[in-house]
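Raw data_15.tsv, TSV, C-alpha atoms:
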chain	number	residue	atom	x	y	z
A	9	MET	CA	39.64	16.78	-39.22
A	10	SER	CA	42.74	14.78	-38.39
A	11	SER	CA	44.63	18.03	-37.67
A	12	ASP	CA	41.96	18.90	-35.08
A	13	ARG	CA	42.51	15.54	-33.52
A	14	SER	CA	46.28	15.84	-33.33
A	15	THR	CA	46.18	19.42	-32.01
A	16	GLY	CA	43.73	18.59	-29.24
A	17	GLY	CA	40.77	20.31	-30.92
A	18	VAL	CA	37.14	19.84	-29.99
A	19	ALA	CA	35.87	16.29	-30.51
A	20	LEU	CA	32.35	16.87	-29.27
A	21	SER	CA	30.45	20.04	-28.58
A	22	ALA	CA	26.85	20.87	-27.80
A	23	SER	CA	25.13	24.22	-27.56
A	24	GLY	CA	21.66	24.37	-26.04
A	25	LEU	CA	21.01	20.82	-27.24
A	26	GLY	CA	17.63	19.35	-26.30
A	27	LYS	CA	15.33	16.46	-27.06
A	28	ARG	CA	11.60	16.19	-26.37
A	29	PHE	CA	9.22	13.33	-26.92
A	30	GLY	CA	5.91	15.17	-27.26
A	31	ASP	CA	5.42	17.07	-24.01
A	32	ARG	CA	8.06	15.07	-22.17
A	33	VAL	CA	11.52	16.61	-21.98
A	34	ALA	CA	14.30	14.00	-22.19
A	35	PHE	CA	17.03	16.63	-21.77
A	36	GLU	CA	17.39	20.30	-22.59
A	37	GLY	CA	19.85	23.18	-22.68
A	38	LEU	CA	22.89	20.93	-22.91
A	39	SER	CA	26.09	22.89	-23.58
A	40	PHE	CA	29.61	21.50	-23.30
A	41	GLU	CA	32.84	20.89	-25.18
A	42	ILE	CA	35.02	17.79	-25.06
A	43	ALA	CA	38.58	17.80	-26.38
A	44	TYR	CA	40.10	14.99	-28.44
A	45	GLY	CA	41.66	12.36	-26.19
A	46	GLU	CA	39.52	13.28	-23.18
A	47	VAL	CA	37.66	10.72	-21.07
A	48	PHE	CA	34.41	12.48	-20.25
A	49	GLY	CA	31.99	11.11	-17.66
A	50	PHE	CA	28.29	11.75	-18.05
A	51	LEU	CA	26.49	11.06	-14.79
A	52	GLY	CA	22.89	11.19	-13.74
A	53	PRO	CA	20.09	9.21	-12.12
A	54	ASN	CA	17.87	6.82	-14.05
A	55	GLY	CA	15.70	8.76	-16.49
A	56	ALA	CA	18.01	11.81	-16.46
A	57	GLY	CA	18.44	11.64	-20.25
A	58	LYS	CA	21.93	10.10	-20.46
A	59	THR	CA	21.14	7.39	-22.99
A	60	THR	CA	18.93	9.75	-25.02
A	61	THR	CA	21.88	12.17	-25.16
A	62	VAL	CA	24.14	9.40	-26.45
A	63	ARG	CA	21.53	8.35	-29.01
A	64	THR	CA	21.15	11.97	-30.12
A	65	LEU	CA	24.89	12.64	-30.42
A	66	GLY	CA	25.22	9.26	-32.15
A	67	THR	CA	22.75	10.40	-34.85
A	68	LEU	CA	20.16	7.78	-33.88
A	69	LEU	CA	17.70	10.46	-32.72
A	70	ALA	CA	17.25	13.96	-34.10
A	71	PRO	CA	17.54	16.78	-31.54
A	72	THR	CA	14.54	19.06	-31.11
A	73	SER	CA	16.58	22.13	-30.15
A	74	GLY	CA	20.14	23.43	-30.14
A	75	SER	CA	23.15	22.34	-32.15
A	76	ALA	CA	26.14	20.05	-31.78
A	77	THR	CA	29.28	18.90	-33.54
A	78	VAL	CA	30.43	15.29	-33.35
A	79	ALA	CA	34.00	14.42	-34.36
A	80	GLY	CA	34.19	17.96	-35.77
A	81	ILE	CA	31.11	17.53	-38.01
A	82	PRO	CA	27.86	19.46	-37.45
A	83	LEU	CA	25.08	17.20	-36.18
A	84	ALA	CA	22.57	17.27	-39.04
A	85	PRO	CA	20.62	14.58	-40.93
A	86	GLU	CA	22.71	15.04	-44.09
A	87	ASN	CA	25.92	14.40	-42.08
A	88	GLY	CA	24.63	11.27	-40.35
A	89	VAL	CA	26.61	8.76	-42.43
A	90	GLU	CA	29.85	10.74	-42.16
A	91	ILE	CA	29.45	11.11	-38.38
A	92	ARG	CA	28.68	7.41	-37.92
A	93	ARG	CA	31.88	6.55	-39.78
A	94	ARG	CA	33.88	8.41	-37.14
A	95	ILE	CA	32.17	7.27	-33.96
A	96	ALA	CA	31.21	4.04	-32.23
A	97	ILE	CA	28.54	3.41	-29.64
A	98	MET	CA	28.66	0.59	-27.15
A	99	PRO	CA	25.14	0.21	-25.76
A	100	GLU	CA	24.37	-1.11	-22.28
A	101	THR	CA	23.46	-4.55	-23.66
A	102	PRO	CA	26.16	-5.90	-26.01
A	103	GLY	CA	23.76	-7.35	-28.63
A	104	LEU	CA	26.12	-10.04	-29.93
A	105	TYR	CA	25.17	-13.16	-31.88
A	106	GLN	CA	25.38	-15.83	-29.19
A	107	ARG	CA	25.86	-18.80	-31.54
A	108	LEU	CA	28.74	-17.16	-33.40
A	109	SER	CA	32.28	-17.12	-32.09
A	110	VAL	CA	33.97	-13.89	-31.00
A	111	ALA	CA	35.93	-13.73	-34.28
A	112	GLU	CA	32.84	-14.47	-36.40
A	113	ASN	CA	30.90	-11.72	-34.61
A	114	LEU	CA	33.69	-9.24	-35.27
A	115	ASP	CA	34.03	-10.46	-38.87
A	116	CYS	CA	30.31	-9.88	-39.43
A	117	PHE	CA	30.40	-6.36	-37.96
A	118	ALA	CA	33.64	-5.49	-39.80
A	119	ASP	CA	31.80	-6.24	-43.07
A	120	LEU	CA	28.71	-4.31	-41.96
A	121	TYR	CA	30.91	-1.31	-41.11
A	122	GLU	CA	32.81	-1.89	-44.39
A	123	VAL	CA	36.16	-1.41	-42.68
A	124	PRO	CA	39.27	-1.80	-44.85
A	125	ASP	CA	41.59	-4.73	-44.11
A	126	PRO	CA	39.14	-6.42	-41.70
A	127	ASP	CA	41.47	-9.23	-40.55
A	128	ALA	CA	44.10	-6.78	-39.27
A	129	ARG	CA	41.43	-4.62	-37.61
A	130	ILE	CA	39.90	-7.65	-35.87
A	131	GLU	CA	43.33	-8.75	-34.68
A	132	ARG	CA	44.07	-5.26	-33.30
A	133	ALA	CA	40.64	-4.98	-31.61
A	134	LEU	CA	41.01	-8.40	-29.98
A	135	ARG	CA	44.48	-7.48	-28.74
A	136	ALA	CA	43.17	-4.16	-27.33
A	137	VAL	CA	40.61	-5.96	-25.18
A	138	ASN	CA	42.92	-8.88	-24.43
A	139	LEU	CA	40.67	-11.51	-26.00
A	140	THR	CA	42.92	-13.00	-28.69
A	141	GLU	CA	42.94	-16.39	-26.99
A	142	ARG	CA	39.14	-16.53	-26.77
A	143	ALA	CA	38.57	-15.59	-30.43
A	144	GLN	CA	37.11	-18.98	-31.39
A	145	ASP	CA	34.81	-19.31	-28.36
A	146	PRO	CA	31.07	-18.88	-29.02
A	147	CYS	CA	29.84	-15.64	-27.47
A	148	GLY	CA	27.04	-17.53	-25.70
A	149	THR	CA	29.62	-19.35	-23.58
A	150	LEU	CA	31.38	-16.18	-22.39
A	151	SER	CA	30.79	-14.47	-19.05
A	152	LYS	CA	28.99	-11.12	-18.98
A	153	GLY	CA	32.28	-9.27	-18.45
A	154	LEU	CA	33.91	-10.96	-21.44
A	155	ARG	CA	30.88	-10.18	-23.59
A	156	GLN	CA	31.25	-6.51	-22.65
A	157	ARG	CA	34.85	-6.73	-23.79
A	158	VAL	CA	33.76	-8.24	-27.11
A	159	ALA	CA	31.30	-5.35	-27.46
A	160	VAL	CA	34.15	-2.89	-26.88
A	161	ALA	CA	36.25	-4.76	-29.47
A	162	ARG	CA	33.36	-4.42	-31.93
A	163	ALA	CA	33.19	-0.68	-31.18
A	164	LEU	CA	36.93	-0.38	-31.86
A	165	LEU	CA	36.72	-2.07	-35.28
A	166	SER	CA	36.00	1.20	-37.05
A	167	GLU	CA	38.88	2.88	-35.16
A	168	PRO	CA	36.52	5.63	-33.98
A	169	GLU	CA	37.54	9.16	-33.09
A	170	VAL	CA	34.81	9.26	-30.44
A	171	LEU	CA	33.67	6.22	-28.49
A	172	PHE	CA	30.38	6.35	-26.60
A	173	LEU	CA	30.21	3.85	-23.76
A	174	ASP	CA	26.74	3.56	-22.25
A	175	GLU	CA	26.94	2.04	-18.76
A	176	PRO	CA	29.77	-0.35	-19.72
A	177	THR	CA	29.95	-1.99	-16.29
A	178	ALA	CA	26.20	-2.28	-15.58
A	179	GLY	CA	25.54	-5.67	-13.98
A	180	LEU	CA	29.22	-6.70	-13.82
A	181	ASP	CA	30.87	-8.08	-10.71
A	182	PRO	CA	33.77	-6.10	-9.15
A	183	VAL	CA	36.46	-8.20	-10.88
A	184	ALA	CA	34.87	-7.88	-14.32
A	185	SER	CA	34.28	-4.15	-13.68
A	186	ARG	CA	37.94	-3.72	-12.78
A	187	ASP	CA	38.96	-5.36	-16.07
A	188	VAL	CA	36.63	-3.08	-18.05
A	189	HIS	CA	37.99	-0.05	-16.12
A	190	ALA	CA	41.55	-1.02	-16.97
A	191	MET	CA	40.59	-1.35	-20.60
A	192	ILE	CA	38.85	2.05	-20.69
A	193	ALA	CA	41.87	3.66	-19.01
A	194	GLU	CA	44.12	2.07	-21.64
A	195	LEU	CA	41.88	3.33	-24.46
A	196	GLY	CA	41.96	6.80	-22.92
A	197	ARG	CA	45.77	6.69	-22.83
A	198	SER	CA	45.84	5.63	-26.49
A	199	GLY	CA	44.09	8.89	-27.44
A	200	VAL	CA	40.49	7.76	-28.10
A	201	THR	CA	37.93	10.34	-26.98
A	202	ILE	CA	35.57	8.53	-24.63
A	203	PHE	CA	32.08	9.66	-23.65
A	204	LEU	CA	31.21	7.46	-20.69
A	205	THR	CA	27.72	7.42	-19.25
A	206	THR	CA	27.40	5.80	-15.87
A	207	HIS	CA	25.80	6.11	-12.49
A	208	ARG	CA	28.75	4.41	-10.81
A	209	LEU	CA	30.47	7.39	-9.35
A	210	GLU	CA	33.68	5.74	-8.26
A	211	GLU	CA	34.05	4.61	-11.87
A	212	ALA	CA	33.73	8.19	-13.13
A	213	GLU	CA	36.07	9.51	-10.45
A	214	ARG	CA	38.73	6.93	-11.31
A	215	LEU	CA	38.54	7.12	-15.11
A	216	CYS	CA	37.36	10.55	-16.20
A	217	ASN	CA	39.29	13.76	-16.80
A	218	ARG	CA	36.04	15.71	-16.43
A	219	VAL	CA	32.48	14.83	-15.53
A	220	ALA	CA	29.09	16.36	-16.14
A	221	ILE	CA	26.05	15.71	-13.97
A	222	LEU	CA	22.78	15.61	-15.85
A	223	ASN	CA	19.29	15.64	-14.43
A	224	THR	CA	17.32	16.57	-17.56
A	225	THR	CA	19.37	19.78	-17.57
A	226	LEU	CA	23.12	19.95	-17.08
A	227	ARG	CA	23.62	20.51	-13.34
A	228	THR	CA	27.38	20.92	-13.31
A	229	ILE	CA	30.51	20.17	-15.29
A	230	GLY	CA	34.18	20.09	-14.37
A	231	ARG	CA	37.03	17.99	-12.97
A	232	PRO	CA	35.95	15.87	-9.99
A	233	ASP	CA	38.26	17.82	-7.63
A	234	GLU	CA	36.93	21.14	-9.00
A	235	LEU	CA	33.35	20.06	-8.33
A	236	ARG	CA	34.23	19.07	-4.79
A	237	GLU	CA	35.80	22.48	-4.16
A	238	ARG	CA	32.88	24.27	-5.79
A	239	LEU	CA	30.25	22.55	-3.67
A	240	PHE	CA	31.91	21.94	-0.34
A	241	THR	CA	33.98	24.15	1.94
A	242	LYS	CA	37.32	22.76	3.05
A	243	ALA	CA	37.22	21.17	6.47
A	244	LEU	CA	39.50	19.48	8.98
A	245	THR	CA	38.27	16.72	11.26
A	246	VAL	CA	39.78	16.45	14.75
A	247	ARG	CA	39.31	13.42	17.01
A	248	THR	CA	40.36	13.71	20.61
A	249	LEU	CA	40.49	11.06	23.33
A	250	ALA	CA	38.10	13.09	25.54
A	251	PRO	CA	35.78	15.99	24.67
A	252	LEU	CA	37.39	19.44	24.94
A	253	SER	CA	36.21	21.43	27.94
A	254	GLU	CA	36.02	24.72	26.02
A	255	PRO	CA	36.21	24.01	22.27
A	256	GLY	CA	35.00	27.51	21.42
A	257	SER	CA	38.05	29.08	22.99
A	258	VAL	CA	40.38	26.56	21.26
A	259	PHE	CA	39.04	26.93	17.70
A	260	GLY	CA	37.32	30.33	17.87
A	261	GLU	CA	40.10	32.81	17.13
A	262	LEU	CA	42.49	30.76	14.98
A	263	PRO	CA	43.70	32.01	11.59
A	264	GLY	CA	41.95	30.34	8.64
A	265	VAL	CA	39.15	28.90	10.80
A	266	GLN	CA	35.67	29.91	9.62
A	267	ASP	CA	33.37	27.74	11.69
A	268	TRP	CA	33.35	24.60	13.80
A	269	ARG	CA	30.87	22.00	15.07
A	270	ARG	CA	30.90	18.70	16.90
A	271	ASP	CA	29.34	15.88	14.88
A	272	ASP	CA	27.34	12.86	16.10
A	273	SER	CA	30.45	10.69	16.47
A	274	GLY	CA	32.06	13.26	18.78
A	275	GLU	CA	34.58	14.52	16.20
A	276	TYR	CA	35.15	18.24	15.69
A	277	VAL	CA	34.54	19.34	12.09
A	278	ILE	CA	36.25	22.67	11.47
A	279	SER	CA	35.49	24.64	8.28
A	280	VAL	CA	38.63	26.39	7.08
A	281	SER	CA	39.60	28.76	4.28
A	282	ASP	CA	43.05	27.23	3.82
A	283	THR	CA	44.11	23.92	5.34
A	284	GLU	CA	47.81	24.83	5.23
A	285	ILE	CA	47.22	27.90	7.42
A	286	ALA	CA	44.54	26.49	9.72
A	287	GLY	CA	46.02	22.98	10.14
A	288	PRO	CA	49.21	23.92	12.03
A	289	ALA	CA	47.33	26.60	14.06
A	290	ILE	CA	44.71	24.08	15.18
A	291	THR	CA	47.39	21.53	16.10
A	292	ARG	CA	49.26	24.11	18.22
A	293	ALA	CA	46.04	25.27	19.90
A	294	LEU	CA	45.03	21.69	20.76
A	295	VAL	CA	48.45	20.94	22.23
A	296	ALA	CA	48.38	24.22	24.22
A	297	ALA	CA	44.93	23.31	25.58
A	298	GLY	CA	46.31	19.95	26.75
A	299	ALA	CA	44.01	17.92	24.49
A	300	ASP	CA	44.82	14.26	23.78
A	301	VAL	CA	44.67	14.36	19.98
A	302	VAL	CA	44.02	11.02	18.26
A	303	THR	CA	43.78	12.24	14.62
A	304	ILE	CA	43.63	15.44	12.57
A	305	SER	CA	42.63	14.87	8.96
A	306	GLU	CA	41.31	16.77	6.00
A	307	SER	CA	37.65	15.96	5.32
A	308	TYR	CA	37.28	14.27	1.97
A	309	HIS	CA	34.20	14.65	-0.19
A	310	SER	CA	33.82	12.05	-2.89
A	311	LEU	CA	32.21	12.61	-6.26
A	312	GLU	CA	29.28	10.73	-4.75
A	313	ASP	CA	28.85	13.53	-2.19
A	314	VAL	CA	28.83	16.08	-5.01
A	315	TYR	CA	26.32	14.03	-6.98
A	316	LEU	CA	23.98	13.45	-4.05
A	317	GLU	CA	24.14	17.11	-3.04
A	318	LEU	CA	23.05	18.21	-6.54
A	319	ILE	CA	20.39	15.54	-7.01
A	320	ASP	CA	18.97	16.17	-3.50
A	321	THR	CA	18.82	19.90	-4.27
A	322	ASP	CA	16.86	19.06	-7.44
A	323	LYS	CA	14.45	16.86	-5.48
A	324	GLU	CA	13.85	19.59	-2.88
A	325	ALA	CA	13.32	22.16	-5.62
A	326	SER	CA	10.77	19.96	-7.39
A	327	ARG	CA	8.86	19.41	-4.10
A	328	SER	CA	8.63	23.14	-3.24
B	4	MET	CA	19.46	7.13	-52.27
B	5	ARG	CA	22.44	5.01	-51.20
B	6	ARG	CA	23.43	1.97	-53.22
B	7	VAL	CA	22.94	-1.40	-51.54
B	8	SER	CA	26.33	-2.66	-50.42
B	9	ARG	CA	27.07	-6.20	-51.57
B	10	ARG	CA	29.56	-6.62	-48.77
B	11	ARG	CA	26.92	-5.84	-46.16
B	12	VAL	CA	24.34	-8.14	-47.75
B	13	ARG	CA	26.96	-10.91	-47.91
B	14	ALA	CA	27.81	-10.33	-44.22
B	15	ILE	CA	24.17	-10.72	-43.20
B	16	VAL	CA	23.62	-13.84	-45.36
B	17	ARG	CA	26.79	-15.44	-44.03
B	18	LYS	CA	25.84	-14.63	-40.44
B	19	GLU	CA	22.34	-16.09	-40.91
B	20	LEU	CA	23.71	-19.29	-42.46
B	21	ARG	CA	26.19	-19.72	-39.62
B	22	VAL	CA	23.43	-19.21	-37.05
B	23	TYR	CA	21.17	-21.73	-38.85
B	24	ARG	CA	23.93	-24.30	-39.05
B	25	ARG	CA	24.49	-24.14	-35.30
B	26	ASN	CA	20.84	-24.19	-34.34
B	27	GLY	CA	19.57	-27.79	-34.30
B	28	SER	CA	15.93	-26.81	-33.99
B	29	ILE	CA	16.10	-24.70	-37.17
B	30	ILE	CA	17.74	-27.60	-39.08
B	31	ALA	CA	15.07	-29.98	-37.78
B	32	ALA	CA	12.26	-27.59	-38.66
B	33	MET	CA	13.71	-27.13	-42.15
B	34	ALA	CA	14.03	-30.92	-42.63
B	35	ILE	CA	10.64	-32.06	-41.36
B	36	ILE	CA	8.43	-30.67	-44.17
B	37	PRO	CA	10.60	-31.95	-47.09
B	38	LEU	CA	10.88	-35.33	-45.38
B	39	LEU	CA	7.13	-35.42	-44.89
B	40	PHE	CA	6.55	-34.64	-48.59
B	41	LEU	CA	9.00	-37.38	-49.52
B	42	VAL	CA	7.74	-40.05	-47.16
B	43	GLN	CA	3.99	-39.45	-47.44
B	44	PRO	CA	3.75	-40.02	-51.28
B	45	LEU	CA	6.03	-43.06	-51.00
B	46	VAL	CA	3.75	-44.55	-48.36
B	47	SER	CA	0.73	-43.76	-50.53
B	48	VAL	CA	2.28	-45.37	-53.62
B	49	LEU	CA	3.34	-48.47	-51.74
B	50	THR	CA	-0.08	-48.79	-50.14
B	51	VAL	CA	-1.93	-48.50	-53.49
B	52	SER	CA	0.26	-51.01	-55.35
B	53	SER	CA	-0.26	-53.67	-52.70
I need this file expressed as structure tokens, please.
Amino acid sequence: MSSDRSTGGVALSASGLGKRFGDRVAFEGLSFEIAYGEVFGFLGPNGAGKTTTVRTLGTLLAPTSGSATVAGIPLAPENGVEIRRRIAIMPETPGLYQRLSVAENLDCFADLYEVPDPDARIERALRAVNLTERAQDPCGTLSKGLRQRVAVARALLSEPEVLFLDEPTAGLDPVASRDVHAMIAELGRSGVTIFLTTHRLEEAERLCNRVAILNTTLRTIGRPDELRERLFTKALTVRTLAPLSEPGSVFGELPGVQDWRRDDSGEYVISVSDTEIAGPAITRALVAAGADVVTISESYHSLEDVYLELIDTDKEASRS
Amino acid sequence: MRRVSRRRVRAIVRKELRVYRRNGSIIAAMAIIPLLFLVQPLVSVLTVSS
């Protein structure tokens, strides 16, 4: 297993994985592979099945269809203990003992996980989340952000191969979220495979190598920039001081230009096949037409645009 | 069937004792009944002898 890890093998894989509760489908037909060391974002609206997927891959729920491997081990009831030794799950609510100090909480969980050399592990986990100086503080006196960090430290005690983080920044203020982001990025750099469920899209865009969008079924999977390219055509936005008298004759016959329109704010949005071909041609044409150009920029679609496009498509499909 | 781990049982017992020790209401609740059983017979004995 360790050779898989060092050679960038598959840390997590699912093939047609599904979970039903009676007639209700939590998720179905889930197929993906995640390499060791990857930070994988799992996005979806409330009720999409994200947490159920984590609970299934974490051996807390049995799947009703399909198969999966977790940390290189087939997901099956007889492998539950072995899988749980190699993974850690940080749920949305930290679930710490409020009257115990940070160190006592970690000490308790280190014994429950039966980790070898618990003192050294606790020390390392506290250092990883930058909480060494707060080790003796009762958890009940910590802010929500610090409690999340303690929960991450607890998850790191078993030195997991795969770390599931379920909405780690839910309910945190921007400063606390930034701290948790920095910590996740650091964990990713240290080689831990991270399965991050969230509906904060800027978080996924900033932290994840690849993302999957789930809405009961897997809607798409890929790098954020790949998804943008897959869903949206490239476009340039032109803002001029005054409207063009004949925009059709300016943009109509240019190389690389596929289509153009004027949006509500008066900017020209030009769909192009290749920005490097169309960009200079459009600039020359505007100058030749005597236009007072204020800006020419490439239209940017965020991961949020991708997400909303897919989820809106799902909503329209369910209505029709 | 897995064997019960002594280390895990010890961890839970230790955690519970720590939580009890820091929770004043649990200490008070634990003390009231024994104190009542100590004080009430004493009062009875003293009342009878007088």
Do you have, as JSON lines, the list of residues of chain B lying at most 10 Å from chain A, each with its nearest atom pair and that distance in Å to one decimal, counting only C-alpha atoms and ordered by chain then number?
{"residue": "B:Ser8", "atom": "CA", "partner": "A:Glu122", "partner_atom": "CA", "distance": 8.9}
{"residue": "B:Arg9", "atom": "CA", "partner": "A:Asp119", "partner_atom": "CA", "distance": 9.7}
{"residue": "B:Arg10", "atom": "CA", "partner": "A:Asp119", "partner_atom": "CA", "distance": 6.1}
{"residue": "B:Arg11", "atom": "CA", "partner": "A:Leu120", "partner_atom": "CA", "distance": 4.8}
{"residue": "B:Val12", "atom": "CA", "partner": "A:Leu120", "partner_atom": "CA", "distance": 8.2}
{"residue": "B:Arg13", "atom": "CA", "partner": "A:Asp119", "partner_atom": "CA", "distance": 8.3}
{"residue": "B:Ala14", "atom": "CA", "partner": "A:Cys116", "partner_atom": "CA", "distance": 5.4}
{"residue": "B:Ile15", "atom": "CA", "partner": "A:Cys116", "partner_atom": "CA", "distance": 7.3}
{"residue": "B:Val16", "atom": "CA", "partner": "A:Cys116", "partner_atom": "CA", "distance": 9.8}
{"residue": "B:Arg17", "atom": "CA", "partner": "A:Cys116", "partner_atom": "CA", "distance": 8.0}
{"residue": "B:Lys18", "atom": "CA", "partner": "A:Cys116", "partner_atom": "CA", "distance": 6.6}
{"residue": "B:Glu19", "atom": "CA", "partner": "A:Tyr105", "partner_atom": "CA", "distance": 9.9}
{"residue": "B:Arg21", "atom": "CA", "partner": "A:Leu108", "partner_atom": "CA", "distance": 7.2}
{"residue": "B:Val22", "atom": "CA", "partner": "A:Arg107", "partner_atom": "CA", "distance": 6.0}
{"residue": "B:Tyr23", "atom": "CA", "partner": "A:Arg107", "partner_atom": "CA", "distance": 9.2}
{"residue": "B:Arg24", "atom": "CA", "partner": "A:Arg107", "partner_atom": "CA", "distance": 9.5}
{"residue": "B:Arg25", "atom": "CA", "partner": "A:Arg107", "partner_atom": "CA", "distance": 6.7}
{"residue": "B:Asn26", "atom": "CA", "partner": "A:Arg107", "partner_atom": "CA", "distance": 7.9}
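Between Thr206 in chain A and the residues A:Phe29, A:Thr321, A:Pro288, A:Glu100, the shortest atom-to-atom distance, using only C-alpha atoms, involves A:Glu100.
Distances to Leu150 in chain A were evaluated for A:Ala299, A:Ile278, A:Leu104, A:Ile290 using all atoms listed in the file, and the minimum falls at A:Leu104.
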Open item on the list: Show me, as a PyMOL selection string, the residues that have an atom within 8 Å of Ile202 in chain A when counting all atoms listed in the file, minus same-chain residues fewer than 4 positions from it.
Closed with: chain A and resi 45-48+170-173+196
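Within the 9 Å cut-off around range 32-40 of chain A, using all atoms listed in the file and omitting residues fewer than 5 positions from it on the same chain, the listed residues are Leu20, Ser21, Ala22, Ser23, Gly24, Leu25, Gly26, Lys27, Gly55, Ala56, Gly57, Lys58, Thr60, Thr61, Ser73, Gly74, Ala76, Ala220, Leu222, Asn223, Thr224, Thr225, Leu226 and Ile229 of chain A.
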Output of the above residues as a tab-separated table (two decimals), in the frame of the given file, restricted to C-alpha atoms:
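File produced: part19.tsv:
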chain	number	residue	atom	x	y	z
A	20	LEU	CA	32.35	16.87	-29.27
A	21	SER	CA	30.45	20.04	-28.58
A	22	ALA	CA	26.85	20.87	-27.80
A	23	SER	CA	25.13	24.22	-27.56
A	24	GLY	CA	21.66	24.37	-26.04
A	25	LEU	CA	21.01	20.82	-27.24
A	26	GLY	CA	17.63	19.35	-26.30
A	27	LYS	CA	15.33	16.46	-27.06
A	55	GLY	CA	15.70	8.76	-16.49
A	56	ALA	CA	18.01	11.81	-16.46
A	57	GLY	CA	18.44	11.64	-20.25
A	58	LYS	CA	21.93	10.10	-20.46
A	60	THR	CA	18.93	9.75	-25.02
A	61	THR	CA	21.88	12.17	-25.16
A	73	SER	CA	16.58	22.13	-30.15
A	74	GLY	CA	20.14	23.43	-30.14
A	76	ALA	CA	26.14	20.05	-31.78
A	220	ALA	CA	29.09	16.36	-16.14
A	222	LEU	CA	22.78	15.61	-15.85
A	223	ASN	CA	19.29	15.64	-14.43
A	224	THR	CA	17.32	16.57	-17.56
A	225	THR	CA	19.37	19.78	-17.57
A	226	LEU	CA	23.12	19.95	-17.08
A	229	ILE	CA	30.51	20.17	-15.29
